Amino acid sequence: MSQKSEKLIDKKGLRLDGRKPNELRPIKIEVGVLSNADGSAYIEQGKNKILAAIYGPKEVHPKHLALPDRMILRCRYHMAPFSVQERKSPAPSRREIELSKVIREALEPAIFLEYYPRTAIDVFVEVLQADGGTRCASITAASLALADAGIPMKDLVAACAAGKVDDTIVLDLMDTEDKIGAADVPVALMPNLDAITLLQMDGTLSLEEFEQAVNLALEGCRKIYAMQKEALKARYVNVKEVEE
Amino acid sequence: MSQKSEKLIDKKGLRLDGRKPNELRPIKIEVGVLSNADGSAYIEQGKNKILAAIYGPKEVHPKHLALPDRMILRCRYHMAPFSVQERKSPAPSRREIELSKVIREALEPAIFLEYYPRTAIDVFVEVLQADGGTRCASITAASLALADAGIPMKDLVAACAAGKVDDTIVLDLMDTEDKIGAADVPVALMPNLDAITLLQMDGTLSLEEFEQAVNLALEGCRKIYAMQKEALKARYVNVKEVEE
Amino acid sequence: MSQKSEKLIDKKGLRLDGRKPNELRPIKIEVGVLSNADGSAYIEQGKNKILAAIYGPKEVHPKHLALPDRMILRCRYHMAPFSVQERKSPAPSRREIELSKVIREALEPAIFLEYYPRTAIDVFVEVLQADGGTRCASITAASLALADAGIPMKDLVAACAAGKVDDTIVLDLMDTEDKIGAADVPVALMPNLDAITLLQMDGTLSLEEFEQAVNLALEGCRKIYAMQKEALKARYVNVKEVEE
Amino acid sequence: MSSMITRVKQKQIAQLIAKGKRLDGRALTEYREIKVEQGIIERAEGSARVLLGKTEVMVGTKIEIGQPFSDTPNEGVLTVNAELVPLASPTFEPGPPDENSIELARVVDRGIRESKAIEFDKLCIEPGKKVFVVFVDVYVLNHDGNLIDASALAALAALLNTKMPNYEIEDGEVKIKSGYTPLPIKKHPITVTFAKINDKLVVDPWLEEEQVMEARISIATEDDGNICAIQKGGSGYFTPKQVLEAAKIAKEKAQEIRKKLNW
Amino acid sequence: MSSMITRVKQKQIAQLIAKGKRLDGRALTEYREIKVEQGIIERAEGSARVLLGKTEVMVGTKIEIGQPFSDTPNEGVLTVNAELVPLASPTFEPGPPDENSIELARVVDRGIRESKAIEFDKLCIEPGKKVFVVFVDVYVLNHDGNLIDASALAALAALLNTKMPNYEIEDGEVKIKSGYTPLPIKKHPITVTFAKINDKLVVDPWLEEEQVMEARISIATEDDGNICAIQKGGSGYFTPKQVLEAAKIAKEKAQEIRKKLNW
Amino acid sequence: MSSMITRVKQKQIAQLIAKGKRLDGRALTEYREIKVEQGIIERAEGSARVLLGKTEVMVGTKIEIGQPFSDTPNEGVLTVNAELVPLASPTFEPGPPDENSIELARVVDRGIRESKAIEFDKLCIEPGKKVFVVFVDVYVLNHDGNLIDASALAALAALLNTKMPNYEIEDGEVKIKSGYTPLPIKKHPITVTFAKINDKLVVDPWLEEEQVMEARISIATEDDGNICAIQKGGSGYFTPKQVLEAAKIAKEKAQEIRKKLNW
């Protein structure tokens, strides 16, 4: 986050890509896209293109890592070398390791972990193209992949960032807004439980601005939640059609 | 493989080191050269100097990697840092990892793997000096080391490359021919079974040239096979002499 | 070790920091400084600042590494990135790996390893600031940490280097003397058993000089031994006061 | 699938092949359906996605300015990397490249390099000092068999879709200008892989066939039918006759694929 | 401690907190005793040791000359690293940084970076070529809970204690001169961490509280009360109301700490 | 060998030594047969193979042009590496160097470096910028005990066999010319290792003696008898008297070896 002279909001109050401050980018979600995974989902949000897959529940190796009273959730967030402007080494960066952890902790509250003791679930996220807000889009997709895998869940997790660019609180920052805007607040929500499962912030916000940003992000999460449910419905219809 | 203006075949049809096109380099083979290994062999082929050692059959750790119905063959092809013109880092390169795999797959068809279920055999190859064709010489030596270790085998594996330099199909390419010639076709053969267990190619060959090259390489393999049997015989005589 | 023109001993026979040749640097030792470790000690020797901690005896993982008749001693000597002039990468260097080994082998003779078969003890040494002679100071501290952890021991191990600077045999070399002096001889001693458990040397010494250096180092070890016992006594008094 | 059902199925696959048939109804030398999409990752200099039946591979290319190798000071550099990312198969694990992904990358590399598909001399900016480096990243997204052919095809499709930045040299410094030039590609090497099952050769093995195959051979041929790369894999063997037969079929199938894709 | 005693104690901690009390007698928003020592490592350009109850963290800073990032050619570089060295806790293992130490380093980094605590433009020696690189090494020596607040505080204390070498440029080469200048610090970001236990928020959780907490939230605020960094952790959640409540308390507690330390 | 036979044999070794005898018939201060071959790897700048009984070590040297260390701008650089390759012993494992191979490399390095065996100032090409870097790669091919002495001897033999390329400086660039100059070696440090078994010292322990030894001490001496490096190893101890006795014997044995090899 660093403030530069570039204008991110024009005179009409519109953003670089023509969106209004409280508008989401175009989102496309598909569930059940990979034949090998136990569950999978694909999301496009702006130019973000992200795949999430679930393998499990399965046995834990080595065995002494298994937990007697709950399932272990593991998560790997990973970016393709060609997903960003300068080629990224395929070895996990410190950023990817941190994001793997916060994404896992954003999904954990949604899962009935105690249903499958001594097992593990793997969440694999691959960012094929990155355009700002990949952690949120990853959570949105991974939560659908978990549902597709039939993992018992308390609710879906929907995620979306809000932030501040040019003194305006805006929803769903794209790459340029993320990089030269004043603040970014990614949030993940289980809408039915009003439970925030991911919250980070960088940049600078007053308490009042922070409250506005959180509320706008929560609104975004709820809109995305509706799209998640649509995508799941489409998947079931598809499956049914194939089976018939 | 890249074609350059250097002449690799002179007017008399002889190669840089004076060999005829279908002539092998001088080969020296010795079996049973290391006291600690369960089996070992040493080969010099041109300026190649290569040691192969076998350890096993032995227990597999961790145990869940063992196979209930067969032995596991493991192979490490490794080059000494001083074996090549520019010092090679001792950490395994991608090339060494690929060659370890293809050498293992060239040896596997020769071994009665089902005789020792739940065990493993290690094949360790150390290239002390490299001069082109090390993968073939490694297979030739490793197959003798397996025999020296008393591993039950269907046949020995003999290996040799053929290729194309200056529009001529030649046998057993040395380093310079390998680097600036037009094509290289390494082949491994179990002569008694007429079974090709390794085949690779790089460069460019027409279908007809390819057929010629394969046939020439197979001829080379058969000559090397004769030398392998001589070396084994010499080893048994030696052992007998020592024991008497 | 490289001899340069700098004078390390002045006309009065005093060293750069004003010490006489056979004089130790100021030493401060404290036992039981960390609440989580099973035993711990802190030493300042000149500008060296070193922490040692003991965890164990504890179970060995994986189990097949445990020894049926004795305890395993493990040791990690590690330097903080800010402990030396140029920032040190936190990954263990080859020097740190060697020192971890010699420190472990300097401590092992002092421990009744057979008292706790199938277990392991970890010795962790962190050099917070380095000023020459860290391996000796680490042994002095680690041996106290072992005692603090209640590990049964034959004797404490006290360690100190001697060496040669400007043709003079001197005790307890500091960083500059170590780097530009003529020789360095670190020694570790179990004083009650007259047993040398660490001995290394680099530089150049005649046999006679070597004998002098070893004897001076042993004298230094005995002085440090007295301080170790004081520090242990202070710890017990402290503990008693706390408990009363 | 339980291992008993697996074994019954494997037996069935092998028995069918002995009769010249395959479980999924294909002829022995028939490919699964091939779909190629190009230009799907805008961030990359080139990209393509290939579907070979259910096998799915994505390739992205990146172009950077770097140093040439000392023995080819006038040529650009090619770097091929393959990732068997764990979402593609229950048998893939996170971590540094293993022997399978390294072999895959090197086989794809060999086909492109040995056929001289890229005109490397046109990638030189300043001889001995600055050249374009082409990174080809193979990303396997779903593994249903025959990763080699799918990856080689996706790599070629991505290269054909790759654009190099325009530049000029000003005061000895390289300045990137606006606009792009297509990466100069002059050959179209196509790799055809055979599995040996029950002593017969089948083209484009899917996953269940790979699980029963004795050995594998991959043969890359150029537009003119010349062979430019071969890789045998697996723990079985081929007879000399099988090898020559495979080479002939590989040449034909590659021509078919080139024709279908208009390359 | 046996796991049964542990469970009894954990239950007790949770029950007390429900009543607004804590096992160690603190109020819910009360910190443990904070001790800060600066300048303890002479070899380092700056250093500090922070005790937060029994939690002990040492930070050393190093300054080297290096290259700026290409997108900020006129600014110095900050590199934060954290080591959870195994002498600090039976749960820390030797080896490369794991996700916990990486998260710790990145959260400490974020507080300093986002608040623009360091005047990075004053660390530029030659635009685009040479700048001062500030290494902040966080060294956890004893882990009794709330490593984030202790580490962030120790990092700030060490930076306030850091001196940059004086230099001049002679014939295009940087010459280090004698004497030092303090590192220019203009903000004092303070991070305040909350644990959620039994649906209540408690400030500065110690180890036993961390073992029962459902989730954790860390909020860094600047001298003027603005928020500059947040990190939620743990496998539980917060309600929107709790988040806003935490932000308000974090601002107050940070001011208290700044006042106590005269920053 | 079963562990019971091993134990009986180990007891026997220890009891014999108490009587001043060794299982293989040697006197306590007698070396096994030493064979040294030089110049066996043409690709290397220098090479040697040493047999110490059945222990076999090969050393190759490589010379490259590189940068000097900043504190010795006028001196060449020495880098010693040791590989305990798994074909040499059932106890060696593939993988990055472990503590044993690192210690071996560092002990070999210390003997060469501390004796100033190589005239490093003659390896300087351009002060502060370009010097020759000497890589000494120790390759253990068969491990039958006393790797330190065999490796140190092989390293010295390889260095004595090493040739540096001739060069001239043209327009500030180093040009390699034809012809070679021997690497300038002025000292012949020889390392002598003792095992302590049953409280006695034996020289050049073989593998079975190493398995029963309490401790190990290696002492390198120069041509003039001065000591230049020492390393104690193993989990036992030495008395001060034993240490001084070992130093005296090491000096004598090293002279014997130098004489035998005409160095």
# chains A, B, ... in the order shown; residues from 1 in each chain; ligands from 1
>>> calpha_fit_and_write(fixed="chain D", moving="chain F", output="compact mmCIF listing (two decimals) with C-alpha atoms, in the first residue's frame")
# COMPACT_ATOMS: atom_id res chain seq x y z
CA MET F 1 -11.97 -47.78 -6.29
CA SER F 2 -11.17 -50.87 -4.25
CA SER F 3 -8.05 -52.70 -5.30
CA MET F 4 -10.00 -55.84 -6.25
CA ILE F 5 -12.25 -54.02 -8.69
CA THR F 6 -9.11 -52.36 -9.98
CA ARG F 7 -7.45 -55.67 -10.66
CA VAL F 8 -10.49 -57.06 -12.46
CA LYS F 9 -10.65 -53.95 -14.60
CA GLN F 10 -6.96 -54.08 -15.33
CA LYS F 11 -7.26 -57.67 -16.48
CA GLN F 12 -10.16 -56.67 -18.70
CA ILE F 13 -8.17 -53.81 -20.24
CA ALA F 14 -5.29 -56.13 -21.04
CA GLN F 15 -7.52 -58.87 -22.48
CA LEU F 16 -9.41 -56.43 -24.70
CA ILE F 17 -6.19 -55.01 -26.06
CA ALA F 18 -5.01 -58.49 -26.96
CA LYS F 19 -8.07 -58.57 -29.20
CA GLY F 20 -7.27 -55.14 -30.65
CA LYS F 21 -9.93 -53.34 -28.58
CA ARG F 22 -9.88 -50.78 -25.78
CA LEU F 23 -12.13 -50.35 -22.78
CA ASP F 24 -13.16 -46.84 -23.86
CA GLY F 25 -13.98 -48.00 -27.38
CA ARG F 26 -11.02 -46.44 -29.15
CA ALA F 27 -8.94 -48.16 -31.82
CA LEU F 28 -5.38 -49.00 -30.74
CA THR F 29 -3.89 -46.04 -32.60
CA GLU F 30 -6.71 -43.61 -31.89
CA TYR F 31 -6.28 -40.49 -29.77
CA ARG F 32 -8.87 -39.23 -27.32
CA GLU F 33 -10.59 -35.99 -28.28
CA ILE F 34 -8.06 -33.12 -28.42
CA LYS F 35 -9.11 -29.57 -27.55
CA VAL F 36 -6.68 -26.66 -27.72
CA GLU F 37 -7.39 -23.15 -26.44
CA GLN F 38 -4.80 -20.40 -26.78
CA GLY F 39 -4.33 -17.02 -25.12
CA ILE F 40 -6.25 -17.69 -21.95
CA ILE F 41 -3.83 -16.06 -19.47
CA GLU F 42 -3.44 -12.37 -20.30
CA ARG F 43 -0.65 -11.92 -17.73
CA ALA F 44 1.52 -14.41 -19.60
CA GLU F 45 3.38 -13.66 -22.84
CA GLY F 46 1.72 -16.78 -24.27
CA SER F 47 -0.60 -19.45 -22.97
CA ALA F 48 -2.63 -22.48 -23.95
CA ARG F 49 -4.84 -25.09 -22.39
CA VAL F 50 -5.02 -28.61 -23.83
CA LEU F 51 -7.65 -31.20 -23.07
CA LEU F 52 -6.77 -34.75 -24.08
CA GLY F 53 -9.93 -36.53 -23.00
CA LYS F 54 -10.09 -35.64 -19.31
CA THR F 55 -6.39 -34.90 -19.06
CA GLU F 56 -5.97 -31.15 -18.73
CA VAL F 57 -2.72 -29.22 -19.05
CA MET F 58 -2.17 -25.48 -19.02
CA VAL F 59 1.03 -23.87 -20.23
CA GLY F 60 2.04 -20.26 -19.75
CA THR F 61 5.15 -18.65 -21.22
CA LYS F 62 7.09 -15.73 -19.86
CA ILE F 63 9.79 -13.75 -21.62
CA GLU F 64 12.57 -12.07 -19.67
CA ILE F 65 15.86 -10.49 -20.60
CA GLY F 66 18.83 -12.51 -19.42
CA GLN F 67 22.29 -13.79 -20.27
CA PRO F 68 23.00 -16.33 -23.03
CA PHE F 69 24.94 -19.54 -22.29
CA SER F 70 28.64 -19.04 -22.90
CA ASP F 71 28.72 -21.66 -25.68
CA THR F 72 25.80 -20.09 -27.61
CA PRO F 73 26.36 -16.33 -27.18
CA ASN F 74 24.06 -15.43 -30.09
CA GLU F 75 21.05 -17.45 -29.04
CA GLY F 76 18.11 -16.99 -26.72
CA VAL F 77 17.52 -19.37 -23.83
CA LEU F 78 14.70 -21.88 -23.30
CA THR F 79 13.72 -23.04 -19.81
CA VAL F 80 11.00 -25.64 -19.42
CA ASN F 81 9.54 -26.44 -16.03
CA ALA F 82 6.69 -28.79 -15.18
CA GLU F 83 4.57 -28.81 -12.04
CA LEU F 84 2.47 -31.81 -11.13
CA VAL F 85 0.33 -29.71 -8.78
CA PRO F 86 -1.52 -31.75 -6.17
CA LEU F 87 -5.00 -30.70 -7.26
CA ALA F 88 -4.51 -32.71 -10.47
CA SER F 89 -4.31 -36.18 -8.94
CA PRO F 90 -4.44 -37.97 -5.58
CA THR F 91 -0.95 -39.29 -6.38
CA PHE F 92 0.69 -35.86 -6.73
CA GLU F 93 2.20 -34.34 -3.61
CA PRO F 94 3.17 -30.77 -2.80
CA GLY F 95 6.90 -30.18 -2.74
CA PRO F 96 9.87 -29.67 -5.01
CA PRO F 97 9.73 -31.36 -8.45
CA ASP F 98 10.10 -35.13 -8.24
CA GLU F 99 11.58 -37.42 -10.91
CA ASN F 100 8.27 -37.59 -12.78
CA SER F 101 7.85 -33.85 -13.18
CA ILE F 102 11.53 -33.43 -14.01
CA GLU F 103 11.31 -36.13 -16.69
CA LEU F 104 8.13 -34.54 -18.08
CA ALA F 105 9.80 -31.12 -18.29
CA ARG F 106 12.92 -32.52 -19.90
CA VAL F 107 10.99 -34.54 -22.49
CA VAL F 108 8.89 -31.49 -23.44
CA ASP F 109 12.08 -29.42 -23.56
CA ARG F 110 13.84 -31.98 -25.78
CA GLY F 111 11.07 -31.97 -28.40
CA ILE F 112 11.18 -28.18 -28.73
CA ARG F 113 14.94 -27.82 -28.48
CA GLU F 114 16.05 -30.68 -30.73
CA SER F 115 13.61 -29.78 -33.50
CA LYS F 116 14.91 -26.20 -33.31
CA ALA F 117 11.27 -25.13 -33.21
CA ILE F 118 12.19 -21.67 -31.89
CA GLU F 119 14.53 -19.53 -34.01
CA PHE F 120 16.86 -18.88 -31.13
CA ASP F 121 19.18 -16.60 -33.09
CA LYS F 122 16.33 -14.10 -33.43
CA LEU F 123 16.14 -13.90 -29.62
CA CYS F 124 19.60 -12.36 -29.30
CA ILE F 125 19.63 -8.72 -28.19
CA GLU F 126 23.34 -8.18 -27.62
CA PRO F 127 25.66 -11.09 -28.47
CA GLY F 128 27.19 -12.67 -25.37
CA LYS F 129 25.39 -10.28 -23.05
CA LYS F 130 21.65 -10.00 -23.43
CA VAL F 131 19.12 -12.36 -24.94
CA PHE F 132 15.47 -13.17 -24.44
CA VAL F 133 14.89 -16.05 -22.07
CA VAL F 134 11.71 -18.03 -22.77
CA PHE F 135 10.17 -19.70 -19.73
CA VAL F 136 7.71 -22.47 -20.53
CA ASP F 137 5.77 -23.50 -17.44
CA VAL F 138 3.78 -26.71 -17.80
CA TYR F 139 0.96 -26.90 -15.29
CA VAL F 140 -0.92 -30.20 -15.10
CA LEU F 141 -4.44 -29.52 -13.82
CA ASN F 142 -6.05 -32.95 -14.19
CA HIS F 143 -4.22 -36.21 -14.73
CA ASP F 144 -6.06 -38.84 -16.71
CA GLY F 145 -3.08 -40.31 -18.50
CA ASN F 146 -0.56 -39.38 -21.23
CA LEU F 147 0.74 -36.21 -19.67
CA ILE F 148 3.68 -36.14 -22.08
CA ASP F 149 1.65 -35.67 -25.27
CA ALA F 150 -0.76 -33.21 -23.66
CA SER F 151 2.09 -31.18 -22.18
CA ALA F 152 4.16 -31.13 -25.36
CA LEU F 153 1.13 -30.04 -27.35
CA ALA F 154 0.18 -27.34 -24.83
CA ALA F 155 3.78 -26.08 -24.79
CA LEU F 156 3.83 -25.78 -28.57
CA ALA F 157 0.39 -24.11 -28.63
CA ALA F 158 1.54 -21.62 -25.98
CA LEU F 159 4.76 -20.86 -27.89
CA LEU F 160 2.76 -20.26 -31.09
CA ASN F 161 0.70 -17.81 -29.04
CA THR F 162 3.71 -16.05 -27.49
CA LYS F 163 4.62 -12.46 -28.21
CA MET F 164 8.01 -10.87 -27.62
CA PRO F 165 8.22 -7.25 -26.50
CA ASN F 166 9.63 -4.76 -29.01
CA TYR F 167 12.75 -2.97 -27.88
CA GLU F 168 15.47 -0.63 -28.98
CA ILE F 169 18.97 -0.09 -27.68
CA GLU F 170 19.63 3.41 -26.44
CA ASP F 171 23.04 4.34 -25.04
CA GLY F 172 23.78 0.67 -24.49
CA GLU F 173 20.60 0.14 -22.45
CA VAL F 174 17.67 -1.97 -23.65
CA LYS F 175 14.44 0.07 -23.76
CA ILE F 176 11.18 -1.82 -24.06
CA LYS F 177 8.94 -0.14 -26.64
CA SER F 178 5.22 -0.54 -27.10
CA GLY F 179 3.96 -3.34 -29.34
CA TYR F 180 4.85 -6.98 -29.70
CA THR F 181 6.32 -9.36 -32.25
CA PRO F 182 5.27 -13.00 -32.38
CA LEU F 183 7.90 -15.40 -31.08
CA PRO F 184 9.55 -16.84 -34.21
CA ILE F 185 8.52 -20.52 -34.45
CA LYS F 186 9.53 -22.50 -37.52
CA LYS F 187 8.82 -26.12 -36.57
CA HIS F 188 5.88 -27.94 -35.01
CA PRO F 189 7.23 -30.96 -33.14
CA ILE F 190 4.42 -33.28 -32.05
CA THR F 191 5.03 -36.01 -29.49
CA VAL F 192 3.15 -39.32 -29.73
CA THR F 193 3.22 -41.72 -26.80
CA PHE F 194 2.60 -45.47 -26.89
CA ALA F 195 1.89 -47.85 -24.05
CA LYS F 196 2.85 -51.48 -24.38
CA ILE F 197 0.09 -53.65 -22.94
CA ASN F 198 -0.08 -57.38 -23.43
CA ASP F 199 2.75 -57.01 -25.93
CA LYS F 200 0.68 -54.64 -28.12
CA LEU F 201 1.21 -50.91 -28.68
CA VAL F 202 -1.62 -48.47 -27.99
CA VAL F 203 -1.50 -44.78 -28.70
CA ASP F 204 -2.41 -42.08 -26.14
CA PRO F 205 -2.93 -44.29 -23.07
CA TRP F 206 -5.39 -42.99 -20.51
CA LEU F 207 -4.83 -43.38 -16.78
CA GLU F 208 -6.24 -46.89 -16.41
CA GLU F 209 -4.13 -48.12 -19.30
CA GLU F 210 -1.03 -46.51 -17.81
CA GLN F 211 -1.68 -48.47 -14.63
CA VAL F 212 -1.41 -51.78 -16.50
CA MET F 213 1.17 -50.87 -19.14
CA GLU F 214 4.54 -52.63 -19.15
CA ALA F 215 6.41 -49.80 -20.77
CA ARG F 216 5.95 -46.49 -22.53
CA ILE F 217 7.64 -44.85 -25.50
CA SER F 218 7.26 -41.24 -26.61
CA ILE F 219 8.42 -40.12 -30.04
CA ALA F 220 8.51 -36.53 -31.26
CA THR F 221 8.58 -35.84 -34.98
CA GLU F 222 8.96 -32.65 -36.97
CA ASP F 223 6.80 -31.36 -39.82
CA ASP F 224 8.97 -33.21 -42.38
CA GLY F 225 8.57 -36.48 -40.53
CA ASN F 226 12.06 -36.55 -39.05
CA ILE F 227 12.34 -37.80 -35.49
CA CYS F 228 13.73 -35.28 -33.03
CA ALA F 229 13.26 -36.84 -29.59
CA ILE F 230 12.48 -40.20 -28.03
CA GLN F 231 11.98 -41.30 -24.43
CA LYS F 232 11.33 -44.84 -23.26
CA GLY F 233 9.79 -45.11 -19.79
CA GLY F 234 8.43 -47.73 -17.47
CA SER F 235 9.90 -50.93 -16.12
CA GLY F 236 9.26 -53.11 -19.17
CA TYR F 237 10.95 -53.37 -22.55
CA PHE F 238 10.29 -53.14 -26.30
CA THR F 239 11.52 -55.37 -29.09
CA PRO F 240 13.51 -53.67 -31.85
CA LYS F 241 10.58 -54.36 -34.21
CA GLN F 242 8.12 -52.60 -31.86
CA VAL F 243 10.39 -49.56 -31.67
CA LEU F 244 10.51 -49.16 -35.43
CA GLU F 245 6.77 -49.74 -35.74
CA ALA F 246 6.13 -47.07 -33.09
CA ALA F 247 8.34 -44.59 -34.95
CA LYS F 248 6.33 -45.08 -38.14
CA ILE F 249 2.96 -44.64 -36.41
CA ALA F 250 4.23 -41.61 -34.44
CA LYS F 251 5.09 -39.87 -37.71
CA GLU F 252 1.59 -40.52 -39.09
CA LYS F 253 -0.31 -39.51 -35.97
CA ALA F 254 1.74 -36.31 -35.64
CA GLN F 255 0.84 -35.34 -39.21
CA GLU F 256 -2.83 -35.98 -38.44
CA ILE F 257 -2.68 -33.76 -35.35
CA ARG F 258 -0.85 -30.96 -37.20
CA LYS F 259 -3.48 -31.12 -39.96
CA LYS F 260 -6.38 -31.04 -37.51
CA LEU F 261 -4.90 -27.99 -35.74
CA ASN F 262 -3.89 -26.27 -38.98
CA TRP F 263 -0.25 -25.98 -37.88
>>> residues_around(residues="region 59-72 of chain C", least_positions_apart="2", cutoff="7 Å", atoms="only C-alpha atoms", output="VMD selection string")
chain C and resid 74 113 to 121
>>> write_last_selection(atoms="C-alpha atoms", output="PDB file, in the first residue's frame")
ATOM      1  CA  ARG C  74      21.622 -33.961  20.378  1.00  0.00           C
ATOM      2  CA  LEU C 113      23.992 -41.693  29.154  1.00  0.00           C
ATOM      3  CA  GLU C 114      23.029 -45.207  30.267  1.00  0.00           C
ATOM      4  CA  TYR C 115      20.695 -43.883  32.987  1.00  0.00           C
ATOM      5  CA  TYR C 116      17.907 -43.079  30.538  1.00  0.00           C
ATOM      6  CA  PRO C 117      17.910 -45.601  27.705  1.00  0.00           C
ATOM      7  CA  ARG C 118      15.609 -44.989  24.705  1.00  0.00           C
ATOM      8  CA  THR C 119      15.400 -41.240  25.397  1.00  0.00           C
ATOM      9  CA  ALA C 120      16.984 -38.130  23.961  1.00  0.00           C
ATOM     10  CA  ILE C 121      18.256 -34.852  25.347  1.00  0.00           C
TER      11      ILE C 121
END
>>> interface_residues(of="chain C", to="chain E", cutoff="10 Å", atoms="only C-alpha atoms", output="JSON, numbers by chain")
{"C": [33, 34, 35, 36, 37, 38, 39, 40, 47, 48, 49, 51, 52, 53, 54, 55, 56, 76, 78, 80, 81, 82, 83, 84, 85, 86, 87, 88, 90, 91, 92, 122, 123, 124, 125, 126, 128, 129, 130, 131]}
>>> select_by_dssp(residues="region 179-249 of chain E", states="helix (DSSP H, G or I)", output="ChimeraX atom specification")
/E:207-212,240-249
>>> residues_around(residues="region 176-178 of chain C", least_positions_apart="5", cutoff="12 Å", atoms="only C-alpha atoms", output="NGL selection string")
:C and (1-4 or 6-9 or 15-17 or 21 or 47 or 130-134 or 161-166 or 168-171 or 183-186 or 201-203)
>>> decode(residues="region 164-175 of chain D", atoms="N, CA and C atoms", output="short mmCIF file (atom, residue, chain, number, x, y, z; two decimals), in the first residue's frame")
data_model
loop_
_atom_site.label_atom_id
_atom_site.label_comp_id
_atom_site.auth_asym_id
_atom_site.auth_seq_id
_atom_site.Cartn_x
_atom_site.Cartn_y
_atom_site.Cartn_z
N MET D 164 6.81 -11.44 -28.19
CA MET D 164 8.01 -10.84 -27.61
C MET D 164 7.84 -9.35 -27.57
N PRO D 165 8.32 -8.68 -26.53
CA PRO D 165 8.22 -7.22 -26.51
C PRO D 165 9.14 -6.61 -27.55
N ASN D 166 8.72 -5.52 -28.15
CA ASN D 166 9.62 -4.74 -29.00
C ASN D 166 10.59 -3.96 -28.13
N TYR D 167 11.76 -3.69 -28.67
CA TYR D 167 12.76 -2.94 -27.87
C TYR D 167 13.66 -2.17 -28.81
N GLU D 168 14.37 -1.19 -28.25
CA GLU D 168 15.47 -0.59 -29.00
C GLU D 168 16.61 -0.38 -28.02
N ILE D 169 17.81 -0.26 -28.56
CA ILE D 169 18.96 -0.05 -27.69
C ILE D 169 19.35 1.41 -27.74
N GLU D 170 19.31 2.03 -26.56
CA GLU D 170 19.61 3.46 -26.46
C GLU D 170 20.76 3.62 -25.48
N ASP D 171 21.86 4.19 -25.93
CA ASP D 171 23.02 4.37 -25.06
C ASP D 171 23.40 3.06 -24.37
N GLY D 172 23.35 1.98 -25.12
CA GLY D 172 23.77 0.70 -24.55
C GLY D 172 22.77 0.07 -23.60
N GLU D 173 21.63 0.74 -23.36
CA GLU D 173 20.62 0.16 -22.49
C GLU D 173 19.42 -0.31 -23.32
N VAL D 174 18.85 -1.45 -22.94
CA VAL D 174 17.68 -1.95 -23.66
C VAL D 174 16.43 -1.22 -23.19
N LYS D 175 15.72 -0.56 -24.13
CA LYS D 175 14.46 0.10 -23.78
C LYS D 175 13.31 -0.70 -24.38
#
